[in-house]
Amino acid sequence: MRGVTFIGNSNVELRDYDDPIPGPRDVILEIKASGMCGTDLKGYRRPHNGKDFYIAGHEPCGIVVEVGKHVSETEARIDDRVMVHHYNGCGSCKHCIEGWSQLCDAGPEVYGSGQGHGAHAKFMRVAAHTLVPLRSELSYTTGAAISCGTGTAFGALKRLGVEGDETIAVFGMGPVGLSIAQFGSKMGARVIAIETSPERRSLAKAKGANYVIDPLTNDPVEAIFDITHGQGAHKSIETAGVQAARSASVKSVCKWGTACFVAGGGQFNFEVGPDLTFRQVSLIGHWTFSKTGQADCARFVAERKIDVDSLFTHRWRLDQAEKAYSTLDQQNTGKGVFIL
Ligand SMILES: [Zn+2]
Ligand SMILES: [Zn+2]
């Protein structure tokens, strides 16, 4: 089979790989949809290490086509529609037992990141314990989104305990920010979206943001204090990994407010006293979601009939991978997905 491979410095190649064979506790998936996530840009842009090639893609969704000999019928059966919690941990440490295998004490294998092959290919081998059922009402593309970006949006909102009478400020309207706008408004919150790209600002409006702010023409902190009658947002979420946005996201919450960072890249400097301590502000770092959190997100989407598929502005074939990633790299579109 052929798989989408980052060969370094923003170059992509479809390389040949052997079809995967399941280990005793693995299953083989036939991939139906494989989402593209902002995190993929790190692997895409960096120089190649010169030795290990891997198949990219950490938002897998498809059907089970082969099961290992020690996989029970309750874990997986042929033709099951599934998503993947894309971190394979040891299965026995405290964090794995709690469903947070990305925090595994033994160090998880992250699919599609260089530690394990990902989903931008016809087939993918995963540990059976990473599977999360895909309900029949949900499409494969929705399942792919929930497997990272959209699941992360739900995870951050739940971590923050967002309530229906609150105002949340969301910095960055990439696929994660757009999902936060969509879910946040469905949870009843008032959503203020901050984004530099005009295309993404109009997507944010369409996803339910009550206000959109262009931080290049309007100071976002002042605008958020205006909208909230001088109080500040109850909560903020920063998805862009940009210093200016992080700083504004902390300054724009109210006294006793909470700011949450979901983007992993870059650095952050701020003034501890005025920005945090003297306003009783809480600062949270949040990474994706647990395996049960992924299932909870799928349930919420199905029960509330949330149109996650409308996040996708670009659908690609594997042989269009080069164009797909150069488009993602412009960071002014909705979400992209490979359809197999
Ligand atoms: Zn573990
Ligand atoms: Zn991701």
# chains A, B, ... in the order shown; residues from 1 in each chain; ligands from 1
>>> select_by_dssp(residues="region 3-232 of chain A", states="strand (DSSP E)", output="ChimeraX atom specification")
/A:3-8,11-16,26-35,60-67,81-84,87-88,109-110,123-127,131-133,167-171,190-194,211-213
>>> residues_around(residues="region 101-114 of chain A", least_positions_apart="2", cutoff="6 Å", atoms="only C-alpha atoms", output="ChimeraX atom specification")
/A:54-58,86-89,95-96,99,116-118
>>> residues_near_ligand(ligand="ligand 2", cutoff="8 Å", atoms="only C-alpha atoms and all ligand atoms", output="mmCIF file with all heavy atoms, in the first residue's frame")
data_model
loop_
_atom_site.group_PDB
_atom_site.id
_atom_site.type_symbol
_atom_site.label_atom_id
_atom_site.label_comp_id
_atom_site.auth_asym_id
_atom_site.auth_seq_id
_atom_site.Cartn_x
_atom_site.Cartn_y
_atom_site.Cartn_z
ATOM 1 N N MET A 36 -6.886 15.862 8.792
ATOM 2 C CA MET A 36 -5.635 16.624 8.891
ATOM 3 C C MET A 36 -5.772 17.565 10.080
ATOM 4 O O MET A 36 -6.797 18.224 10.236
ATOM 5 C CB MET A 36 -5.415 17.435 7.609
ATOM 6 C CG MET A 36 -5.328 16.551 6.374
ATOM 7 S SD MET A 36 -5.399 17.522 4.857
ATOM 8 C CE MET A 36 -3.766 18.245 4.855
ATOM 9 N N CYS A 37 -4.724 17.620 10.896
ATOM 10 C CA CYS A 37 -4.774 18.375 12.149
ATOM 11 C C CYS A 37 -3.640 19.390 12.136
ATOM 12 O O CYS A 37 -2.596 19.161 11.531
ATOM 13 C CB CYS A 37 -4.619 17.392 13.304
ATOM 14 S SG CYS A 37 -4.571 18.157 14.924
ATOM 15 N N GLY A 38 -3.820 20.507 12.814
ATOM 16 C CA GLY A 38 -2.788 21.535 12.878
ATOM 17 C C GLY A 38 -1.440 20.995 13.345
ATOM 18 O O GLY A 38 -0.383 21.422 12.884
ATOM 19 N N THR A 39 -1.480 20.024 14.251
ATOM 20 C CA THR A 39 -0.240 19.433 14.773
ATOM 21 C C THR A 39 0.584 18.785 13.666
ATOM 22 O O THR A 39 1.806 18.691 13.755
ATOM 23 C CB THR A 39 -0.578 18.357 15.832
ATOM 24 O OG1 THR A 39 -1.597 18.864 16.672
ATOM 25 C CG2 THR A 39 0.616 17.975 16.662
ATOM 26 N N ASP A 40 -0.091 18.307 12.614
ATOM 27 C CA ASP A 40 0.630 17.666 11.508
ATOM 28 C C ASP A 40 1.621 18.616 10.853
ATOM 29 O O ASP A 40 2.591 18.169 10.234
ATOM 30 C CB ASP A 40 -0.356 17.170 10.440
ATOM 31 C CG ASP A 40 -1.217 16.019 10.932
ATOM 32 O OD1 ASP A 40 -0.693 15.163 11.663
ATOM 33 O OD2 ASP A 40 -2.408 15.976 10.578
ATOM 34 N N HIS A 58 -3.182 11.343 12.242
ATOM 35 C CA HIS A 58 -3.553 10.828 13.564
ATOM 36 C C HIS A 58 -5.034 11.043 13.870
ATOM 37 O O HIS A 58 -5.426 11.105 15.030
ATOM 38 C CB HIS A 58 -2.647 11.419 14.652
ATOM 39 C CG HIS A 58 -2.732 12.911 14.776
ATOM 40 N ND1 HIS A 58 -1.919 13.766 14.082
ATOM 41 C CD2 HIS A 58 -3.547 13.693 15.517
ATOM 42 C CE1 HIS A 58 -2.227 15.013 14.394
ATOM 43 N NE2 HIS A 58 -3.224 14.991 15.270
ATOM 44 N N GLU A 59 -5.849 11.141 12.807
ATOM 45 C CA GLU A 59 -7.305 11.201 12.998
ATOM 46 C C GLU A 59 -7.934 10.064 12.196
ATOM 47 O O GLU A 59 -8.583 10.275 11.172
ATOM 48 C CB GLU A 59 -7.845 12.562 12.530
ATOM 49 C CG GLU A 59 -7.329 13.735 13.363
ATOM 50 C CD GLU A 59 -7.988 15.067 13.017
ATOM 51 O OE1 GLU A 59 -8.556 15.209 11.908
ATOM 52 O OE2 GLU A 59 -7.950 15.978 13.865
ATOM 53 N N SER A 147 -11.520 12.287 16.359
ATOM 54 C CA SER A 147 -10.314 11.558 16.776
ATOM 55 C C SER A 147 -9.136 12.463 17.132
ATOM 56 O O SER A 147 -8.138 11.990 17.661
ATOM 57 C CB SER A 147 -9.896 10.556 15.695
ATOM 58 O OG SER A 147 -10.870 9.546 15.594
ATOM 59 N N CYS A 148 -9.186 13.753 16.794
ATOM 60 C CA CYS A 148 -8.214 14.687 17.393
ATOM 61 C C CYS A 148 -8.790 16.096 17.528
ATOM 62 O O CYS A 148 -9.182 16.480 18.612
ATOM 63 C CB CYS A 148 -6.857 14.717 16.694
ATOM 64 S SG CYS A 148 -5.672 15.698 17.677
ATOM 65 N N GLY A 149 -8.843 16.870 16.443
ATOM 66 C CA GLY A 149 -9.140 18.303 16.585
ATOM 67 C C GLY A 149 -10.466 18.597 17.271
ATOM 68 O O GLY A 149 -10.529 19.380 18.233
ATOM 69 N N THR A 288 -5.589 17.409 24.435
ATOM 70 C CA THR A 288 -6.588 16.526 23.781
ATOM 71 C C THR A 288 -7.675 16.008 24.729
ATOM 72 O O THR A 288 -8.413 16.795 25.304
ATOM 73 C CB THR A 288 -5.905 15.397 22.973
ATOM 74 O OG1 THR A 288 -5.072 14.585 23.792
ATOM 75 C CG2 THR A 288 -5.107 15.976 21.826
#
>>> atom_distance(atom1="CA of Arg125 (chain A)", atom2="CA of Tyr44 (chain A)")
21.9 Å
>>> closest_residue(among="A:Cys90, A:Ala156, A:Leu14, A:Val221", to="ligand 1", atoms="only C-alpha atoms and all ligand atoms")
A:Cys90
>>> closest_residue(among="A:Phe123, A:Phe278, A:Phe6, A:Trp100", to="ligand 1", atoms="only C-alpha atoms and all ligand atoms")
A:Trp100
>>> select_by_dssp(residues="region 26-211 of chain A", states="helix (DSSP H, G or I)", output="PyMOL selection string")
chain A and resi 40-45+94-97+101-103+128-130+140-146+149-160+175-186+198-206
>>> residues_around(residues="Lys335 (chain A)", least_positions_apart="4", cutoff="12 Å", atoms="only C-alpha atoms", output="PyMOL selection string")
chain A and resi 34-38+59+141-142+144-145+148-150+173-179+200+203+308-316+324-325+327-331
>>> residues_around(residues="Asp319 (chain A)", least_positions_apart="2", cutoff="9 Å", atoms="only C-alpha atoms", output="JSON, numbers by chain")
{"A": [4, 13, 14, 316, 317, 321, 322]}
>>> residues_around(residues="region 261-267 of chain A", least_positions_apart="4", cutoff="8 Å", atoms="only C-alpha atoms", output="list in words")
Thr152, Ala156, Ile237, Glu238, Thr239, Ala240, Gly241, Val242, Gln243, Arg246, Leu283, Ile284, Gly285, His286, Trp287 and Thr288 of chain A
>>> write_last_selection(atoms="all heavy atoms", output="tab-separated table (two decimals), in the first residue's frame")
chain	number	residue	atom	x	y	z
A	152	THR	N	-10.58	17.44	20.84
A	152	THR	CA	-9.82	18.36	21.69
A	152	THR	C	-10.68	19.57	22.09
A	152	THR	O	-10.62	20.03	23.23
A	152	THR	CB	-8.55	18.83	20.95
A	152	THR	OG1	-7.72	17.69	20.76
A	152	THR	CG2	-7.80	19.89	21.73
A	156	ALA	N	-11.50	20.42	25.95
A	156	ALA	CA	-11.13	21.68	26.61
A	156	ALA	C	-12.37	22.32	27.25
A	156	ALA	O	-12.30	22.84	28.36
A	156	ALA	CB	-10.49	22.63	25.60
A	237	ILE	N	-9.93	30.33	25.68
A	237	ILE	CA	-9.17	29.17	25.18
A	237	ILE	C	-8.28	29.67	24.04
A	237	ILE	O	-8.76	30.34	23.12
A	237	ILE	CB	-10.10	28.04	24.66
A	237	ILE	CG1	-11.13	27.66	25.72
A	237	ILE	CG2	-9.27	26.82	24.25
A	237	ILE	CD1	-12.10	26.56	25.30
A	238	GLU	N	-7.00	29.34	24.12
A	238	GLU	CA	-6.04	29.78	23.10
A	238	GLU	C	-5.63	28.55	22.29
A	238	GLU	O	-5.14	27.57	22.84
A	238	GLU	CB	-4.83	30.44	23.77
A	238	GLU	CG	-4.03	31.34	22.86
A	238	GLU	CD	-3.14	30.58	21.89
A	238	GLU	OE1	-2.54	29.56	22.28
A	238	GLU	OE2	-3.06	31.00	20.73
A	239	THR	N	-5.86	28.61	20.97
A	239	THR	CA	-5.61	27.43	20.13
A	239	THR	C	-4.48	27.64	19.13
A	239	THR	O	-4.14	26.72	18.40
A	239	THR	CB	-6.87	27.05	19.32
A	239	THR	OG1	-7.08	28.06	18.31
A	239	THR	CG2	-8.11	26.96	20.19
A	240	ALA	N	-3.95	28.88	19.05
A	240	ALA	CA	-3.05	29.21	17.94
A	240	ALA	C	-1.57	28.99	18.27
A	240	ALA	O	-0.75	28.83	17.36
A	240	ALA	CB	-3.27	30.66	17.51
A	241	GLY	N	-1.22	29.00	19.55
A	241	GLY	CA	0.18	28.84	19.92
A	241	GLY	C	1.02	30.07	19.61
A	241	GLY	O	2.21	29.97	19.36
A	242	VAL	N	0.38	31.23	19.65
A	242	VAL	CA	1.04	32.49	19.29
A	242	VAL	C	1.13	33.35	20.55
A	242	VAL	O	0.15	33.48	21.30
A	242	VAL	CB	0.20	33.22	18.21
A	242	VAL	CG1	0.74	34.61	17.94
A	242	VAL	CG2	0.17	32.40	16.94
A	243	GLN	N	2.31	33.95	20.78
A	243	GLN	CA	2.53	34.74	22.01
A	243	GLN	C	1.46	35.82	22.21
A	243	GLN	O	0.90	35.96	23.29
A	243	GLN	CB	3.94	35.34	21.97
A	243	GLN	CG	4.20	36.45	22.98
A	243	GLN	CD	4.22	35.98	24.43
A	243	GLN	OE1	4.57	34.84	24.72
A	243	GLN	NE2	3.80	36.86	25.33
A	246	ARG	N	-1.81	34.32	23.21
A	246	ARG	CA	-1.76	33.78	24.58
A	246	ARG	C	-1.86	34.89	25.60
A	246	ARG	O	-2.60	34.80	26.59
A	246	ARG	CB	-0.46	33.00	24.78
A	246	ARG	CG	-0.54	31.64	24.14
A	246	ARG	CD	0.65	30.79	24.47
A	246	ARG	NE	0.43	29.47	23.90
A	246	ARG	CZ	1.37	28.68	23.41
A	246	ARG	NH1	2.63	29.09	23.43
A	246	ARG	NH2	1.08	27.51	22.93
A	283	LEU	N	-4.77	29.37	35.24
A	283	LEU	CA	-4.21	29.08	33.92
A	283	LEU	C	-4.09	27.57	33.79
A	283	LEU	O	-3.52	26.90	34.64
A	283	LEU	CB	-2.83	29.75	33.84
A	283	LEU	CG	-2.06	29.67	32.53
A	283	LEU	CD1	-2.88	30.22	31.37
A	283	LEU	CD2	-0.75	30.47	32.65
A	284	ILE	N	-4.66	27.04	32.69
A	284	ILE	CA	-4.70	25.59	32.50
A	284	ILE	C	-4.01	25.22	31.18
A	284	ILE	O	-4.27	25.85	30.16
A	284	ILE	CB	-6.17	25.09	32.41
A	284	ILE	CG1	-6.88	25.27	33.74
A	284	ILE	CG2	-6.24	23.64	31.97
A	284	ILE	CD1	-8.33	24.83	33.68
A	285	GLY	N	-3.16	24.21	31.20
A	285	GLY	CA	-2.68	23.60	29.96
A	285	GLY	C	-3.52	22.36	29.70
A	285	GLY	O	-3.73	21.55	30.62
A	286	HIS	N	-4.04	22.21	28.50
A	286	HIS	CA	-4.92	21.07	28.25
A	286	HIS	C	-4.53	20.34	26.96
A	286	HIS	O	-4.43	20.96	25.90
A	286	HIS	CB	-6.39	21.51	28.15
A	286	HIS	CG	-7.30	20.34	28.00
A	286	HIS	ND1	-7.66	19.54	29.07
A	286	HIS	CD2	-7.87	19.78	26.91
A	286	HIS	CE1	-8.43	18.56	28.64
A	286	HIS	NE2	-8.56	18.67	27.33
A	287	TRP	N	-4.33	19.03	27.05
A	287	TRP	CA	-3.91	18.21	25.90
A	287	TRP	C	-5.01	17.22	25.54
A	287	TRP	O	-5.29	16.31	26.29
A	287	TRP	CB	-2.61	17.49	26.26
A	287	TRP	CG	-1.97	16.76	25.12
A	287	TRP	CD1	-2.15	16.96	23.79
A	287	TRP	CD2	-1.03	15.68	25.23
A	287	TRP	NE1	-1.39	16.09	23.06
A	287	TRP	CE2	-0.69	15.31	23.92
A	287	TRP	CE3	-0.45	15.01	26.30
A	287	TRP	CZ2	0.21	14.27	23.65
A	287	TRP	CZ3	0.45	13.99	26.04
A	287	TRP	CH2	0.77	13.64	24.72
A	288	THR	N	-5.59	17.41	24.43
A	288	THR	CA	-6.59	16.53	23.78
A	288	THR	C	-7.68	16.01	24.73
A	288	THR	O	-8.41	16.79	25.30
A	288	THR	CB	-5.90	15.40	22.97
A	288	THR	OG1	-5.07	14.59	23.79
A	288	THR	CG2	-5.11	15.98	21.83
